file structure.txt (compact mmCIF, C-alpha atoms)
# COMPACT_ATOMS: atom_id res chain seq x y z
CA MET A 1 -23.12 -2.71 -25.43
CA ASP A 2 -24.40 -6.14 -26.41
CA ASP A 3 -21.43 -8.53 -26.42
CA SER A 4 -22.65 -10.00 -29.72
CA ARG A 5 -21.99 -6.61 -31.31
CA ALA A 6 -18.56 -6.16 -29.72
CA PRO A 7 -15.43 -6.60 -31.85
CA HIS A 8 -13.55 -9.79 -31.11
CA PRO A 9 -9.80 -9.69 -30.40
CA PRO A 10 -7.56 -12.06 -32.36
CA PRO A 11 -6.26 -15.32 -30.85
CA VAL A 12 -3.85 -14.82 -27.97
CA PRO A 13 -0.22 -15.90 -28.51
CA GLU A 14 1.60 -17.78 -25.78
CA ILE A 15 2.52 -15.66 -22.75
CA ASP A 16 6.07 -15.95 -21.41
CA THR A 17 5.70 -16.04 -17.62
CA THR A 18 9.46 -16.27 -17.04
CA VAL A 19 10.22 -12.70 -18.16
CA SER A 20 8.79 -9.63 -16.44
CA HIS A 21 6.92 -7.16 -18.61
CA SER A 22 6.06 -3.48 -18.34
CA ALA A 23 2.26 -3.80 -18.48
CA ARG A 24 2.16 -6.52 -15.83
CA ILE A 25 4.51 -4.70 -13.43
CA TRP A 26 2.42 -1.56 -13.86
CA ASP A 27 -0.67 -3.65 -13.10
CA TYR A 28 1.01 -4.91 -9.91
CA TRP A 29 1.85 -1.39 -8.74
CA LEU A 30 -1.74 -0.32 -9.38
CA GLY A 31 -3.04 -3.17 -7.23
CA GLY A 32 -4.17 -5.40 -10.09
CA LYS A 33 -4.11 -9.20 -10.20
CA GLU A 34 -3.01 -9.84 -13.80
CA ASN A 35 0.68 -10.33 -13.08
CA TYR A 36 3.11 -13.13 -12.33
CA ALA A 37 5.71 -13.82 -9.65
CA VAL A 38 8.50 -12.54 -11.93
CA ASP A 39 6.63 -9.23 -12.33
CA ARG A 40 6.00 -8.86 -8.61
CA GLU A 41 9.62 -9.64 -7.83
CA LEU A 42 10.98 -6.94 -10.12
CA GLY A 43 8.25 -4.53 -9.02
CA ASP A 44 9.35 -4.99 -5.41
CA GLN A 45 13.02 -4.60 -6.36
CA ILE A 46 12.31 -1.29 -8.04
CA ALA A 47 10.13 -0.14 -5.14
CA ALA A 48 13.01 -0.89 -2.77
CA VAL A 49 15.16 1.54 -4.76
CA LEU A 50 12.38 4.06 -5.37
CA PRO A 51 9.68 3.77 -2.68
CA ASP A 52 7.32 6.25 -4.33
CA ILE A 53 7.05 4.29 -7.59
CA VAL A 54 3.56 3.09 -6.65
CA GLU A 55 2.47 6.69 -6.11
CA GLN A 56 4.04 7.57 -9.47
CA ALA A 57 2.04 4.84 -11.19
CA ARG A 58 -1.16 6.13 -9.59
CA ALA A 59 -0.31 9.73 -10.49
CA ASP A 60 0.13 8.67 -14.11
CA ARG A 61 -3.28 6.97 -14.04
CA LEU A 62 -4.93 10.02 -12.51
CA PHE A 63 -3.37 12.18 -15.22
CA LEU A 64 -4.99 9.91 -17.80
CA GLY A 65 -8.37 10.64 -16.28
CA ARG A 66 -7.88 14.41 -16.15
CA ALA A 67 -6.43 14.55 -19.67
CA VAL A 68 -9.24 12.49 -21.20
CA ARG A 69 -11.88 14.54 -19.39
CA PHE A 70 -10.27 17.71 -20.76
CA LEU A 71 -10.08 16.27 -24.27
CA ALA A 72 -13.65 14.95 -24.34
CA GLY A 73 -15.00 17.99 -22.55
CA GLU A 74 -13.32 21.37 -23.08
CA ALA A 75 -11.50 20.28 -26.27
CA GLY A 76 -14.57 18.56 -27.74
CA VAL A 77 -12.70 15.47 -29.00
CA ARG A 78 -14.85 12.43 -29.76
CA GLN A 79 -12.16 9.99 -30.96
CA PHE A 80 -9.27 8.49 -28.98
CA LEU A 81 -6.31 6.34 -29.99
CA ASP A 82 -4.76 4.92 -26.80
CA ILE A 83 -1.29 3.55 -27.68
CA GLY A 84 0.46 1.44 -25.06
CA THR A 85 -2.83 0.61 -23.39
CA GLY A 86 -1.59 -1.67 -20.64
CA LEU A 87 -3.86 -4.00 -18.73
CA PRO A 88 -7.49 -3.02 -18.13
CA THR A 89 -8.05 -1.36 -14.77
CA ALA A 90 -10.43 1.18 -13.25
CA ASP A 91 -11.32 4.18 -15.41
CA ASN A 92 -9.96 3.03 -18.75
CA THR A 93 -9.91 5.65 -21.51
CA HIS A 94 -13.30 4.73 -23.01
CA GLU A 95 -14.97 4.76 -19.58
CA VAL A 96 -13.68 8.26 -18.80
CA ALA A 97 -14.38 9.62 -22.30
CA GLN A 98 -17.88 8.12 -22.57
CA ARG A 99 -18.93 9.51 -19.20
CA VAL A 100 -18.30 12.94 -20.71
CA ALA A 101 -19.37 12.14 -24.28
CA PRO A 102 -21.35 8.89 -24.68
CA ASP A 103 -20.68 8.90 -28.44
CA ALA A 104 -16.89 8.81 -28.01
CA ARG A 105 -15.02 6.19 -30.04
CA VAL A 106 -11.85 4.61 -28.66
CA VAL A 107 -9.21 2.33 -30.19
CA TYR A 108 -6.68 0.68 -27.89
CA VAL A 109 -3.25 -0.42 -29.15
CA ASP A 110 -0.76 -2.73 -27.43
CA ASN A 111 1.48 -5.66 -28.34
CA ASP A 112 1.66 -7.51 -25.01
CA PRO A 113 0.01 -10.97 -25.23
CA LEU A 114 -1.42 -10.59 -21.72
CA VAL A 115 -3.06 -7.28 -22.62
CA LEU A 116 -4.49 -9.01 -25.69
CA ALA A 117 -5.80 -11.82 -23.49
CA HIS A 118 -7.80 -9.28 -21.48
CA ALA A 119 -8.75 -7.04 -24.39
CA ARG A 120 -12.43 -7.99 -24.14
CA ALA A 121 -12.61 -5.90 -20.96
CA LEU A 122 -11.70 -2.91 -23.14
CA LEU A 123 -14.33 -3.66 -25.77
CA THR A 124 -17.37 -2.58 -23.80
CA SER A 125 -18.99 0.65 -24.89
CA THR A 126 -22.04 2.85 -24.66
CA PRO A 127 -24.58 2.16 -27.42
CA GLU A 128 -23.74 5.56 -28.93
CA GLY A 129 -19.97 5.03 -28.97
CA ALA A 130 -17.55 2.30 -30.00
CA THR A 131 -14.35 0.60 -28.87
CA ASP A 132 -11.79 -1.60 -30.62
CA TYR A 133 -8.42 -3.18 -29.88
CA LEU A 134 -5.36 -3.50 -32.14
CA ASP A 135 -2.54 -5.93 -31.48
CA ALA A 136 0.21 -3.74 -32.95
CA ASP A 137 3.61 -2.14 -32.29
CA LEU A 138 3.75 1.65 -32.06
CA ARG A 139 6.90 1.60 -34.24
CA GLN A 140 4.62 0.59 -37.11
CA ALA A 141 2.81 3.93 -37.05
CA GLU A 142 1.21 3.57 -40.47
CA ALA A 143 -0.15 0.11 -39.59
CA VAL A 144 -1.58 1.51 -36.35
CA LEU A 145 -3.34 4.30 -38.22
CA ARG A 146 -4.58 1.90 -40.87
CA GLY A 147 -6.09 -0.38 -38.23
CA ALA A 148 -7.60 2.56 -36.35
CA ARG A 149 -9.51 3.67 -39.44
CA ALA A 150 -11.87 0.71 -39.02
CA THR A 151 -13.33 2.54 -36.01
CA LEU A 152 -12.12 6.15 -36.19
CA ASP A 153 -12.56 8.81 -38.86
CA LEU A 154 -9.05 10.27 -39.12
CA THR A 155 -10.30 13.16 -41.25
CA GLU A 156 -11.78 14.45 -37.97
CA PRO A 157 -9.79 15.32 -34.82
CA VAL A 158 -8.51 12.43 -32.72
CA ALA A 159 -6.64 12.40 -29.41
CA ILE A 160 -3.60 10.11 -29.33
CA THR A 161 -2.49 9.13 -25.83
CA MET A 162 0.98 7.64 -25.26
CA LEU A 163 1.30 7.29 -21.52
CA GLY A 164 4.28 5.37 -20.16
CA VAL A 165 5.21 3.93 -23.55
CA LEU A 166 7.66 6.28 -25.29
CA TRP A 167 10.27 5.67 -22.59
CA HIS A 168 10.69 2.24 -24.19
CA ILE A 169 11.83 3.97 -27.41
CA THR A 170 15.34 4.65 -26.24
CA ASP A 171 16.55 6.63 -29.27
CA ASP A 172 15.36 10.25 -29.26
CA ALA A 173 15.24 10.53 -33.05
CA GLU A 174 13.19 7.35 -33.36
CA ALA A 175 10.75 8.48 -30.66
CA LEU A 176 10.22 11.81 -32.41
CA ASP A 177 9.83 10.07 -35.78
CA ILE A 178 7.11 7.79 -34.38
CA VAL A 179 5.22 10.77 -32.96
CA ARG A 180 5.53 12.72 -36.22
CA ARG A 181 4.31 9.79 -38.34
CA LEU A 182 1.32 9.22 -36.06
CA MET A 183 0.33 12.89 -35.95
CA ALA A 184 0.84 13.24 -39.72
CA GLY A 185 -2.05 10.83 -40.16
CA THR A 186 -4.45 12.92 -38.07
CA ALA A 187 -6.57 15.97 -38.85
CA PRO A 188 -5.79 19.51 -37.63
CA GLY A 189 -7.34 19.98 -34.20
CA SER A 190 -6.10 16.57 -33.08
CA TYR A 191 -4.27 16.21 -29.77
CA LEU A 192 -1.32 14.28 -28.39
CA ALA A 193 -0.86 13.36 -24.71
CA ILE A 194 2.45 11.96 -23.42
CA ALA A 195 3.56 10.80 -19.97
CA HIS A 196 7.21 9.89 -19.48
CA PRO A 197 9.66 9.26 -16.60
CA THR A 198 12.30 11.83 -15.68
CA ILE A 199 14.91 12.09 -12.92
CA GLU A 200 14.03 15.71 -12.13
CA ILE A 201 12.61 15.10 -8.68
CA THR A 202 14.35 12.10 -7.13
CA GLY A 203 17.53 12.18 -9.21
CA GLU A 204 19.79 9.18 -8.71
CA ARG A 205 17.07 7.13 -7.01
CA MET A 206 14.94 7.22 -10.17
CA ALA A 207 18.01 6.61 -12.35
CA ALA A 208 18.88 3.58 -10.22
CA ALA A 209 15.30 2.28 -10.50
CA ILE A 210 15.48 2.48 -14.29
CA ARG A 211 18.83 0.69 -14.28
CA GLU A 212 17.24 -2.06 -12.15
CA TRP A 213 14.39 -2.25 -14.63
CA ASN A 214 16.78 -2.60 -17.53
CA ARG A 215 18.71 -5.40 -15.82
CA PHE A 216 15.66 -7.63 -15.49
CA GLY A 217 12.64 -6.00 -17.18
CA LYS A 218 11.33 -6.01 -20.72
CA PRO A 219 11.33 -3.90 -22.81
CA PRO A 220 14.18 -1.59 -21.68
CA GLY A 221 13.53 2.07 -21.04
CA ILE A 222 15.19 5.45 -20.41
CA HIS A 223 14.41 8.69 -18.62
CA ARG A 224 14.24 12.00 -20.47
CA THR A 225 14.46 15.59 -19.30
CA PRO A 226 11.39 17.84 -19.46
CA ARG A 227 13.07 19.63 -22.40
CA GLN A 228 13.49 16.32 -24.25
CA ILE A 229 9.84 15.45 -23.56
CA GLU A 230 8.78 18.88 -24.79
CA ASN A 231 10.78 18.22 -27.97
CA LEU A 232 8.50 15.26 -28.72
CA PHE A 233 5.69 17.79 -29.24
CA GLN A 234 7.50 19.55 -32.11
CA GLY A 235 5.08 21.27 -34.48
CA LEU A 236 2.23 21.05 -31.95
CA GLU A 237 0.80 23.67 -29.61
CA LEU A 238 1.20 22.72 -25.94
CA VAL A 239 -1.84 23.47 -23.83
CA GLU A 240 -1.38 24.98 -20.38
CA PRO A 241 0.45 24.24 -18.15
CA GLY A 242 2.90 22.69 -20.67
CA VAL A 243 5.22 19.83 -19.72
CA VAL A 244 5.04 19.34 -15.95
CA SER A 245 4.93 16.64 -13.31
CA CYS A 246 1.79 14.53 -13.79
CA THR A 247 0.56 15.66 -10.40
CA ARG A 248 0.75 19.32 -11.53
CA TRP A 249 -1.16 18.94 -14.82
CA ARG A 250 -4.52 20.62 -14.12
CA PRO A 251 -4.90 19.03 -10.67
CA GLU A 252 -8.20 18.97 -8.86
CA ALA A 253 -8.58 21.95 -6.55
CA THR A 254 -7.87 21.22 -2.88
CA PRO A 255 -7.38 23.41 0.21
CA PHE A 256 -3.87 21.99 0.66
CA GLY A 257 -1.98 23.80 -2.09
CA GLU A 258 -0.19 22.26 -5.06
CA PRO A 259 0.40 18.50 -5.00
CA GLU A 260 3.89 17.10 -4.57
CA GLU A 261 5.87 16.71 -7.80
CA MET A 262 6.81 13.25 -9.02
CA ASP A 263 9.14 11.92 -11.69
CA GLN A 264 6.39 11.13 -14.16
CA PHE A 265 6.14 14.23 -16.38
CA CYS A 266 3.47 14.84 -18.98
CA GLY A 267 2.00 17.21 -21.52
CA VAL A 268 -0.91 17.63 -23.92
CA ALA A 269 -0.62 19.45 -27.25
CA ARG A 270 -2.86 20.34 -30.19
CA LYS A 271 -2.15 19.97 -33.90
CA PRO A 272 -2.67 23.43 -35.40
CA ALA A 273 -4.57 24.25 -38.56
CA GLY A 274 -2.53 24.03 -41.74
CA SER A 275 -0.14 21.39 -40.40
call {"tool": "encode", "arguments": {"input": "structure.txt", "output": "structure tokens"}}
result
Amino acid sequence: MDDSRAPHPPPVPEIDTTVSHSARIWDYWLGGKENYAVDRELGDQIAAVLPDIVEQARADRLFLGRAVRFLAGEAGVRQFLDIGTGLPTADNTHEVAQRVAPDARVVYVDNDPLVLAHARALLTSTPEGATDYLDADLRQAEAVLRGARATLDLTEPVAITMLGVLWHITDDAEALDIVRRLMAGTAPGSYLAIAHPTIEITGERMAAAIREWNRFGKPPGIHRTPRQIENLFQGLELVEPGVVSCTRWRPEATPFGEPEEMDQFCGVARKPAGS
């Protein structure tokens, strides 16, 4: 896409390099370079408590790829609303979707100044498709939908992805309300994908890692049980295999059996007709 045709992100507010932040720590675990000493320090502290956190971060990213390929391919979705985008890395949502469907349209949403500073990397697109970026808070669901309408047709199905973001909404009722308000603004046949930490696999080690996060990190977060995560899909139809470890959601076939479970759980669900 010609850069002159690309949307331009708004001015970047000042970035506080003295406080660690979710998107930058995630970037560090994924091997990125857009992080600061404070992010690396907390990332290493958490890894000391939970050594497989880097593998969890990668498993979450691989789930994104499989989910988007399913949505753009088998499900036939051509519009994506990626909420809690994080920093640009390999195989961003538009890159995965547009390899399957070059005419796919993608809107990214985040409220981290550093993500905003690098938003231009998310604004590339095939000539047939489109991308855009919103500097917005997921709690303002109606504002998110309003901004998305500049690029997406919400009278047609859209896939909303919320990977590694709802754990920062620490009240269950508020998290469900955000999901309901977002999905209420979409057409039947739309989809929702969620990835969220649990303590199902590593138990106290994961709980301790989250406590360490909450001592020093921003914003705070919580773990939820698979049942609580499933509850976030109320009124939607979960696609197989339901809410499972990210490594077990439609994994690539290998001769080595099922992959090891990790404490990032996920699910994808469809908004039924008449809802």
call {"tool": "closest_residue", "arguments": {"input": "structure.txt", "among": "A:Arg139, A:Arg181, A:Arg40, A:Arg227", "to": "Cys266 of chain A", "atoms": "all atoms listed in the file"}}
result
A:Arg227
call {"tool": "closest_residue", "arguments": {"input": "structure.txt", "among": "A:Arg250, A:His168, A:Arg146, A:His94", "to": "Lys218 of chain A", "atoms": "only C-alpha atoms"}}
result
A:His168
call {"tool": "residues_around", "arguments": {"input": "structure.txt", "residues": "segment 74-86 of chain A", "least_positions_apart": "6", "cutoff": "6 Å", "atoms": "all atoms listed in the file", "output": "count of residues only"}}
result
14
call {"tool": "atom_distance", "arguments": {"input": "structure.txt", "atom1": "atom CA of Trp29 of chain A", "atom2": "atom CA of Leu232 of chain A"}}
result
26.8 Å
call {"tool": "residues_near_point", "arguments": {"input": "structure.txt", "point": "(-2.9, 4.2, -36.7)", "cutoff": "9 Å", "atoms": "all atoms listed in the file", "output": "PyMOL selection string"}}
result
chain A and resi 81+109+138+140-149+154+182+185-186
call {"tool": "residues_around", "arguments": {"input": "structure.txt", "residues": "segment 197-204 of chain A", "least_positions_apart": "4", "cutoff": "10 Å", "atoms": "all atoms listed in the file", "output": "MDAnalysis selection string"}}
result
chainID A and resid 49:50 52 56 60 163:167 208:210 221:226 228:229 245:246 260:266
call {"tool": "atom_distance", "arguments": {"input": "structure.txt", "atom1": "atom CA of Arg69 of chain A", "atom2": "atom CA of Ala117 of chain A"}}
result
27.4 Å
call {"tool": "residues_near_point", "arguments": {"input": "structure.txt", "point": "(-1.0, 24.4, -39.2)", "cutoff": "9 Å", "atoms": "only C-alpha atoms", "output": "list in words"}}
result
Pro188, Gly235, Leu236, Lys271, Pro272, Ala273, Gly274 and Ser275 of chain A
call {"tool": "closest_residue", "arguments": {"input": "structure.txt", "among": "A:Arg215, A:Gly267, A:Thr170, A:Tyr133", "to": "Pro241 of chain A", "atoms": "all atoms listed in the file"}}
result
A:Gly267
call {"tool": "closest_residue", "arguments": {"input": "structure.txt", "among": "A:Thr89, A:Ile194, A:Leu176, A:Gln98", "to": "Trp249 of chain A", "atoms": "only C-alpha atoms"}}
result
A:Ile194
call {"tool": "build_atoms", "arguments": {"input": "structure.txt", "residues": "segment 44-70 of chain A", "atoms": "N, CA and C atoms", "output": "PDB file, in the coordinates of the input"}}
result
ATOM      1  N   ASP A  44       8.893  -5.217  -6.779  1.00  0.00           N
ATOM      2  CA  ASP A  44       9.350  -4.990  -5.410  1.00  0.00           C
ATOM      3  C   ASP A  44      10.809  -4.522  -5.385  1.00  0.00           C
ATOM      4  N   GLN A  45      11.629  -5.035  -6.298  1.00  0.00           N
ATOM      5  CA  GLN A  45      13.020  -4.600  -6.360  1.00  0.00           C
ATOM      6  C   GLN A  45      13.110  -3.122  -6.697  1.00  0.00           C
ATOM      7  N   ILE A  46      12.301  -2.703  -7.651  1.00  0.00           N
ATOM      8  CA  ILE A  46      12.310  -1.290  -8.040  1.00  0.00           C
ATOM      9  C   ILE A  46      11.762  -0.431  -6.915  1.00  0.00           C
ATOM     10  N   ALA A  47      10.709  -0.900  -6.249  1.00  0.00           N
ATOM     11  CA  ALA A  47      10.130  -0.140  -5.140  1.00  0.00           C
ATOM     12  C   ALA A  47      11.117   0.000  -3.983  1.00  0.00           C
ATOM     13  N   ALA A  48      12.003  -0.992  -3.821  1.00  0.00           N
ATOM     14  CA  ALA A  48      13.010  -0.890  -2.770  1.00  0.00           C
ATOM     15  C   ALA A  48      14.002   0.230  -3.062  1.00  0.00           C
ATOM     16  N   VAL A  49      14.268   0.459  -4.353  1.00  0.00           N
ATOM     17  CA  VAL A  49      15.160   1.540  -4.760  1.00  0.00           C
ATOM     18  C   VAL A  49      14.436   2.870  -4.778  1.00  0.00           C
ATOM     19  N   LEU A  50      13.180   2.839  -5.204  1.00  0.00           N
ATOM     20  CA  LEU A  50      12.380   4.060  -5.370  1.00  0.00           C
ATOM     21  C   LEU A  50      11.016   3.844  -4.720  1.00  0.00           C
ATOM     22  N   PRO A  51      10.908   4.112  -3.410  1.00  0.00           N
ATOM     23  CA  PRO A  51       9.680   3.770  -2.680  1.00  0.00           C
ATOM     24  C   PRO A  51       8.416   4.443  -3.200  1.00  0.00           C
ATOM     25  N   ASP A  52       8.541   5.585  -3.874  1.00  0.00           N
ATOM     26  CA  ASP A  52       7.320   6.250  -4.330  1.00  0.00           C
ATOM     27  C   ASP A  52       6.874   5.818  -5.716  1.00  0.00           C
ATOM     28  N   ILE A  53       7.421   4.709  -6.240  1.00  0.00           N
ATOM     29  CA  ILE A  53       7.050   4.290  -7.590  1.00  0.00           C
ATOM     30  C   ILE A  53       5.571   3.941  -7.696  1.00  0.00           C
ATOM     31  N   VAL A  54       4.997   3.403  -6.620  1.00  0.00           N
ATOM     32  CA  VAL A  54       3.560   3.090  -6.650  1.00  0.00           C
ATOM     33  C   VAL A  54       2.756   4.381  -6.757  1.00  0.00           C
ATOM     34  N   GLU A  55       3.161   5.401  -6.009  1.00  0.00           N
ATOM     35  CA  GLU A  55       2.470   6.690  -6.110  1.00  0.00           C
ATOM     36  C   GLU A  55       2.649   7.298  -7.496  1.00  0.00           C
ATOM     37  N   GLN A  56       3.827   7.086  -8.111  1.00  0.00           N
ATOM     38  CA  GLN A  56       4.040   7.570  -9.470  1.00  0.00           C
ATOM     39  C   GLN A  56       3.086   6.886 -10.450  1.00  0.00           C
ATOM     40  N   ALA A  57       2.938   5.571 -10.304  1.00  0.00           N
ATOM     41  CA  ALA A  57       2.040   4.840 -11.190  1.00  0.00           C
ATOM     42  C   ALA A  57       0.608   5.353 -11.040  1.00  0.00           C
ATOM     43  N   ARG A  58       0.205   5.623  -9.813  1.00  0.00           N
ATOM     44  CA  ARG A  58      -1.160   6.130  -9.590  1.00  0.00           C
ATOM     45  C   ARG A  58      -1.310   7.543 -10.123  1.00  0.00           C
ATOM     46  N   ALA A  59      -0.258   8.363  -9.968  1.00  0.00           N
ATOM     47  CA  ALA A  59      -0.310   9.730 -10.490  1.00  0.00           C
ATOM     48  C   ALA A  59      -0.448   9.730 -12.003  1.00  0.00           C
ATOM     49  N   ASP A  60       0.250   8.805 -12.664  1.00  0.00           N
ATOM     50  CA  ASP A  60       0.130   8.670 -14.110  1.00  0.00           C
ATOM     51  C   ASP A  60      -1.294   8.310 -14.491  1.00  0.00           C
ATOM     52  N   ARG A  61      -1.907   7.393 -13.746  1.00  0.00           N
ATOM     53  CA  ARG A  61      -3.280   6.970 -14.040  1.00  0.00           C
ATOM     54  C   ARG A  61      -4.262   8.114 -13.813  1.00  0.00           C
ATOM     55  N   LEU A  62      -4.050   8.885 -12.768  1.00  0.00           N
ATOM     56  CA  LEU A  62      -4.930  10.020 -12.510  1.00  0.00           C
ATOM     57  C   LEU A  62      -4.783  11.084 -13.589  1.00  0.00           C
ATOM     58  N   PHE A  63      -3.560  11.264 -14.100  1.00  0.00           N
ATOM     59  CA  PHE A  63      -3.370  12.180 -15.220  1.00  0.00           C
ATOM     60  C   PHE A  63      -4.172  11.729 -16.423  1.00  0.00           C
ATOM     61  N   LEU A  64      -4.174  10.417 -16.701  1.00  0.00           N
ATOM     62  CA  LEU A  64      -4.990   9.910 -17.800  1.00  0.00           C
ATOM     63  C   LEU A  64      -6.423  10.376 -17.662  1.00  0.00           C
ATOM     64  N   GLY A  65      -6.990  10.231 -16.474  1.00  0.00           N
ATOM     65  CA  GLY A  65      -8.370  10.640 -16.280  1.00  0.00           C
ATOM     66  C   GLY A  65      -8.591  12.118 -16.521  1.00  0.00           C
ATOM     67  N   ARG A  66      -7.710  12.962 -15.974  1.00  0.00           N
ATOM     68  CA  ARG A  66      -7.880  14.410 -16.150  1.00  0.00           C
ATOM     69  C   ARG A  66      -7.695  14.811 -17.604  1.00  0.00           C
ATOM     70  N   ALA A  67      -6.685  14.208 -18.272  1.00  0.00           N
ATOM     71  CA  ALA A  67      -6.430  14.550 -19.670  1.00  0.00           C
ATOM     72  C   ALA A  67      -7.603  14.150 -20.555  1.00  0.00           C
ATOM     73  N   VAL A  68      -8.133  12.948 -20.364  1.00  0.00           N
ATOM     74  CA  VAL A  68      -9.240  12.490 -21.200  1.00  0.00           C
ATOM     75  C   VAL A  68     -10.493  13.319 -20.933  1.00  0.00           C
ATOM     76  N   ARG A  69     -10.728  13.677 -19.676  1.00  0.00           N
ATOM     77  CA  ARG A  69     -11.880  14.540 -19.390  1.00  0.00           C
ATOM     78  C   ARG A  69     -11.731  15.896 -20.071  1.00  0.00           C
ATOM     79  N   PHE A  70     -10.513  16.452 -20.050  1.00  0.00           N
ATOM     80  CA  PHE A  70     -10.270  17.710 -20.760  1.00  0.00           C
ATOM     81  C   PHE A  70     -10.510  17.549 -22.252  1.00  0.00           C
TER      82      PHE A  70
END
